[in-house]
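Down below is the structure, laid out as C-alpha cells.
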Amino acid sequence: MKRAVFNNNWVAAAMVAPQLLIIFVFFYWPTSQALYWAFTLEQPWGGGNTWVGFDNFTALLTDDLYWYSVQVSVVYAIGSTVLAIGMALILAVFVDRQLRGFKAYKIGMIWPYAIAAPAVGLAFRFIFNPGAGIMLYFNEVFPGIWDPNSNGAHAMTMVIIAGAWKQVAYNFIFFLAGLQSIPRSLLEAGAMDGARVLRRMRDIQLPLLAPTFFFVLVINITDSFTDSFGIVDTMTNGGPARATNLMVYKIFNDGFQGLDYSGAAAQSIILMLLVVSLTVVQFRYIERKVHYT
Amino acid sequence: MNKTIVSLAALATAVWGSAASAEKIKFEYWYGLSGDLGETLKETCNRFNAAQDTYEISCVGYDGYELVVQSAIAAFRAGKAPTILQSFDAGTADLMMSGEFYPVQKMMADFQIEIDWDNYFPGIKNYYSSSKGELFSMPFNSSTAVMYYNVADLEKAGVKAPETWEDFEAALKAVKAADPARCAFGYEPSVWIDLEQFSAIHNIGIATNNNGYDGMDTQFNYNSTLHVKHMENIQRWVTEGLAEVKVAATGATSQDAFAQNVCSFYFGSIASHSSVHLKAVDGLTWDVAMLPIYAGTTRHNSVVGGASLWVLSGKSEDEYRGAAEYMKFLATPESEKWWVAETGYIPVTKTAFDELTTEGFYTASPYKGREVAMQSLTITEPGPLTRGYRLGSMIQTRAEWKSEVEAALAGQKTMQEALDTAVERSNVMLAKFAKTYDGKTLP
C-alpha cells in the first residue's frame, strides 16, 4: 500500500496550525485556567486570589450533595444512553428493512438532532406538564401518578426522555449507515439458510454493527455528561430538591450564578477526569470485544 | 431614480448622524430587567438621550439580574465593562468586597451635582449604603413584598383581610369551608418573602453580626427563630390542603393562579401589581395588604427589594460625568413618577411619593393599593435587624434554603431538619466567602 506523505514538514505544520490554534484557544487555555482556579479561591471581580491547595477538592469530595450530583449524573448518563441507543437501533433496523414509507421516516428521524437542547427542553416541558395536556388526563384518572415538580424520580425520567429523544437522531444516522454497509450477500446467504428476520438481525447485523455501536456508546456517554445542561436548565433547573442537579448544571449554577468560580473550576476538573477515565475504560474493556471488519 | 435619491439621502443621514454622535460622550448601561419592565427601562435611556445632546447612553438589556451580573463580571475582567450596572442585592457582596465601583454619593459630590439624599426613604437608602452610611449605589427600582387577596372570596367566606398569621389560617379555613374545591392559598417557596421579609417585619435576624453588617465571621441562625414555626405552618397548610404549591413547573406560578382566579391568596412583590392587573381575568376583584405578622409581635418595617444602579471602576472622567448626569435625570421627580406609574415599583424619594399622593395617584385603579408597600417599608425606622442583609454568597445560600424547603415540602424530611441542613451548608459558604476575601471587611 502506498502511503501519502508530506515531504515538506513546514507545509504540514501550516496545514494543521489553524486546527491546533483552535484547540489551544478553546480547550487547552481554558482548561489550564480552570486548573489554576481550582487550586485557589478566585475573587469574581478580580483583585487577587489565594492559593488553597486541594481545599476546593476536599470540600467537594466530602460533600454528600456533590456525590449525590455525581450519582444523579450517572443515572442520567446510563438512562439516556440506553434509551437513545435502544430506540435508534430499533428505528434504524426498520428503516434498513425498507418498510413502506421509510424514506420519509429517515428524514423525519434525522431532524431532532438539529433542534437546540433548550428548545427540546421547552417542548418536553409542555408535553410533560402535569397540569395540562396529556399528562393531565392521566393525573385525573390516577391522581398523583405524574408529578415531576415534587417527585424527583418523575423529574429524572422526564429529563432522560428529553435528552434521549434528542440523541436518538444522531445515533440513528450512524446505525443506519452501519447497517447499510453490511454486504447484502451476507443477509441473503443467511436467508437462504433459512434464518428469519430476527435471527438474521441477531446473528449477522448486530455483530457486524459492533464498531458503530462502540463509537455511538462513547459519544453518548460523553455527551450525556457534558451536553445535558440546556435540557436541565429549561425543564427543571436542577430540582425538585436537587433530583436533577447534574454535574454540568451544578458547575453552571455554582460558578456563574453563585459566583463561586473556584468551586466550579474544581468541579470542571473532576468532570473532565471522569469523562476521560470513562472513555479510557470503554476503550480498554469494551473495545476488545469489537471486531473491525 | 427615486431609489437613488432615497439611498443617497440615507447615506448622507448616516454619515451626518455618525459625525454628530461622534462628538457625544458615549457610555454603556447594562440592566437585568426583561419583558415589559425592560422595555420601560429602555425608554428612560431614550428620554435621557432626547433631553440633552452632550451624552449618549447606550442601554443593553439582559434576561435577569444573575445574567447581567455574570456578564458584567466577564466583561470587567476583559476590561470592557459598562459604566453603569443594574444589580440586585444578592449579587453585590462580591462587588462591595472588590471595591471596583465608584460610590454614587461620592460621584455626585465629585461632579457637584446636588442630590438631597435625606429625601430618600431611610429604608431604601440604608439598604444600599455602607455600614458607615455612605450610599454606594443609586436607588432605582425598589419594591417590597405584600399579600395579594381575592376580595370576592373573602366576602363569600365572611372574613376580612388577615393581619396576623393566625387570622390568615382562619381565613384559609373559611375559604375552604365556603368552597372546598377552591385553592385557598397558592404557595411558592420564596426565600425573599418567607425568610428575609418575614424576619424583618418581626424584627428578628437571619444571621449573626446583625445580619452580617458587623463582621465577616457571620453565621446563619434562622433555624432557631420564629421562621421555623412559620415554615412548619406553611408545610402543615400544604399537607392539610389549605395551601397548594403553585410554581412554574406545575403549569401556573402562584401569581398566574391568583390572576386566573384560581387561588384566593398569593404573596409577591409590589412590582407585580401591574402584572396582576394585566393578567387578571374578567371579574377578578382583588386588593393588596401588608404581610401578616404573628399575634403578640410588633410590626417592623419590611426590607426593600428590586435593584439599584452601580457605577463600575476604571472608566474615564467623561463617562463618569455622563453617568452622573443620567442619574441626576433619573432622580428628578418627573422621571421618578413616570417610572413608578409605568411599572409597579415604588417611589424612592419622599418628594415623589408626596406629589403622587396629592395628585391622587393612589386613590384610583389601577394604582390603588400600591401605597401599601410604602406603608410596609416605612412603618418603623430601619433598625439593626431590619436595614438589610450584608451576606456573601447570597445567591448560593438562597438556593440552599429553596432546595431544602422543597425537600421538606416533598415529604423527604421535616422542616426543622431541612432548615438545619440549609443553615449548616450556608455557613460553609459564608466561611468560604470570608476566606476568599481573607483579611478584608465588608464596607
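Identifiers in the C-alpha cells: chain A, B, ... in order shown; residue index from 1 per chain; ligand index from 1 in order shown.
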
For the contact check between chain B and chain A, emit one row per residue of chain B within 7 Å, containing the shortest atom pair and the distance in Å rounded to one decimal, counting only C-alpha atoms, chain then rising number order, as a tab-separated table.
residue	atom	partner	partner_atom	distance
B:Glu66	CA	A:Gln257	CA	6.0
B:Gln70	CA	A:Phe256	CA	6.1
B:Ile73	CA	A:Trp45	CA	5.9
B:Arg77	CA	A:Gly46	CA	6.6
B:Asp94	CA	A:Pro44	CA	6.9
B:Leu95	CA	A:Trp45	CA	6.7
B:Ser98	CA	A:Trp45	CA	6.2
B:Ala249	CA	A:Asn149	CA	6.0
B:Thr250	CA	A:Gly131	CA	6.0
B:Gly251	CA	A:Gly131	CA	5.6
B:Ser393	CA	A:Gly258	CA	6.5
B:Ile395	CA	A:Gly258	CA	5.2
B:Gln396	CA	A:Gly258	CA	5.1
B:Ser403	CA	A:Ala241	CA	4.7
B:Glu404	CA	A:Ala241	CA	6.5
B:Glu406	CA	A:Ala241	CA	5.4
B:Ala407	CA	A:Ala241	CA	4.9
B:Ala410	CA	A:Ser150	CA	5.5
B:Thr436	CA	A:Leu41	CA	5.4

When DSSP works through the backbone of this structure, what residues of segment 21-239 of chain A end up as alpha helix (DSSP H), shown as an NGL selection string?
:A and (21-23 or 29-38 or 55-61 or 64-96 or 102-110 or 117-127 or 133-141 or 152-180 or 184-192 or 197-200 or 206-208 or 210-226 or 229-235)

Pick out the closest residue to Ile231 of chain A from this set: A:Ala210, A:Leu217, A:Ile286, A:Ala162. Count only C-alpha atoms.
A:Ala162

If you count only C-alpha atoms, which residues fall within 8 Å of segment 421-430 of chain B, apart from same-chain ones fewer than 5 positions away, as a ChimeraX atom specification?
/B:217-223,391-393,396-397,400-401,404

Near-segment 303-315 of chain B list (9 Å; only C-alpha atoms; drop same-chain fewer than 3 positions) as an MDAnalysis selection string
chainID B and resid 31:32 65 76 79 81:89 99:104 107 123:124 127:128 136:145 192 196:197 200:201 269 271 318:320 323 327 345 376:377 382 386:388

May I have the residues within 12 Å of His230 of chain B as an MDAnalysis selection string, using only C-alpha atoms and disregarding those fewer than 4 positions away in the same chain?
chainID B and resid 164:166 168:169 193:195 198:199 202 222:226 234:237 292:294 415:416 419

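Residue nearest Leu154 of chain B within the list B:Thr44, B:Ser264, B:Ser275, B:Thr92: B:Ser264 [criterion: smallest interatomic distance, only C-alpha atoms].
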
Excluding Val93 of chain A and residues on its chain fewer than 4 positions from it, collect all residues at most 10 Å away from it, counting only C-alpha atoms, and give them as a PyMOL selection string.
chain A and resi 88-89+97-99+172+175-176+179-180+201+205-206

Any idea what's packed within 12 Å of Gly108 of chain A, counting only C-alpha atoms, ignoring anything in its chain fewer than 4 positions away? Could you give it as an mmCIF file with N, CA and C atoms, in the first residue's frame?
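Result file is result.cif:
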data_model
loop_
_atom_site.group_PDB
_atom_site.id
_atom_site.type_symbol
_atom_site.label_atom_id
_atom_site.label_comp_id
_atom_site.auth_asym_id
_atom_site.auth_seq_id
_atom_site.Cartn_x
_atom_site.Cartn_y
_atom_site.Cartn_z
ATOM 1 N N LEU A 91 -35.172 1.751 15.385
ATOM 2 C CA LEU A 91 -35.620 2.554 14.246
ATOM 3 C C LEU A 91 -34.745 2.301 13.019
ATOM 4 N N VAL A 95 -35.815 0.946 9.334
ATOM 5 C CA VAL A 95 -35.609 1.741 8.117
ATOM 6 C C VAL A 95 -34.753 0.946 7.139
ATOM 7 N N GLY A 101 -42.677 3.591 3.233
ATOM 8 C CA GLY A 101 -42.547 4.966 3.721
ATOM 9 C C GLY A 101 -41.240 5.236 4.438
ATOM 10 N N PHE A 102 -40.249 4.351 4.268
ATOM 11 C CA PHE A 102 -39.022 4.507 5.060
ATOM 12 C C PHE A 102 -38.255 5.771 4.723
ATOM 13 N N LYS A 103 -38.411 6.263 3.468
ATOM 14 C CA LYS A 103 -37.654 7.454 3.096
ATOM 15 C C LYS A 103 -38.112 8.673 3.900
ATOM 16 N N ALA A 104 -39.409 8.774 4.045
ATOM 17 C CA ALA A 104 -39.957 9.893 4.813
ATOM 18 C C ALA A 104 -39.521 9.774 6.273
ATOM 19 N N PRO A 112 -34.566 15.773 14.616
ATOM 20 C CA PRO A 112 -34.447 16.209 16.020
ATOM 21 C C PRO A 112 -33.046 16.634 16.411
ATOM 22 N N TYR A 113 -32.031 16.086 15.711
ATOM 23 C CA TYR A 113 -30.677 16.441 16.106
ATOM 24 C C TYR A 113 -30.381 17.908 15.824
ATOM 25 N N ALA A 114 -31.138 18.489 14.901
ATOM 26 C CA ALA A 114 -30.896 19.885 14.541
ATOM 27 C C ALA A 114 -31.566 20.839 15.518
ATOM 28 N N VAL A 168 -31.347 10.365 19.883
ATOM 29 C CA VAL A 168 -31.763 9.264 19.012
ATOM 30 C C VAL A 168 -31.399 9.561 17.564
ATOM 31 N N ALA A 169 -31.618 10.794 17.129
ATOM 32 C CA ALA A 169 -31.394 11.148 15.738
ATOM 33 C C ALA A 169 -29.945 10.910 15.327
ATOM 34 N N PHE A 172 -29.159 7.284 15.220
ATOM 35 C CA PHE A 172 -29.873 6.692 14.096
ATOM 36 C C PHE A 172 -29.049 6.789 12.809
ATOM 37 N N ILE A 173 -28.468 7.969 12.581
ATOM 38 C CA ILE A 173 -27.695 8.168 11.355
ATOM 39 C C ILE A 173 -26.548 7.160 11.300
#
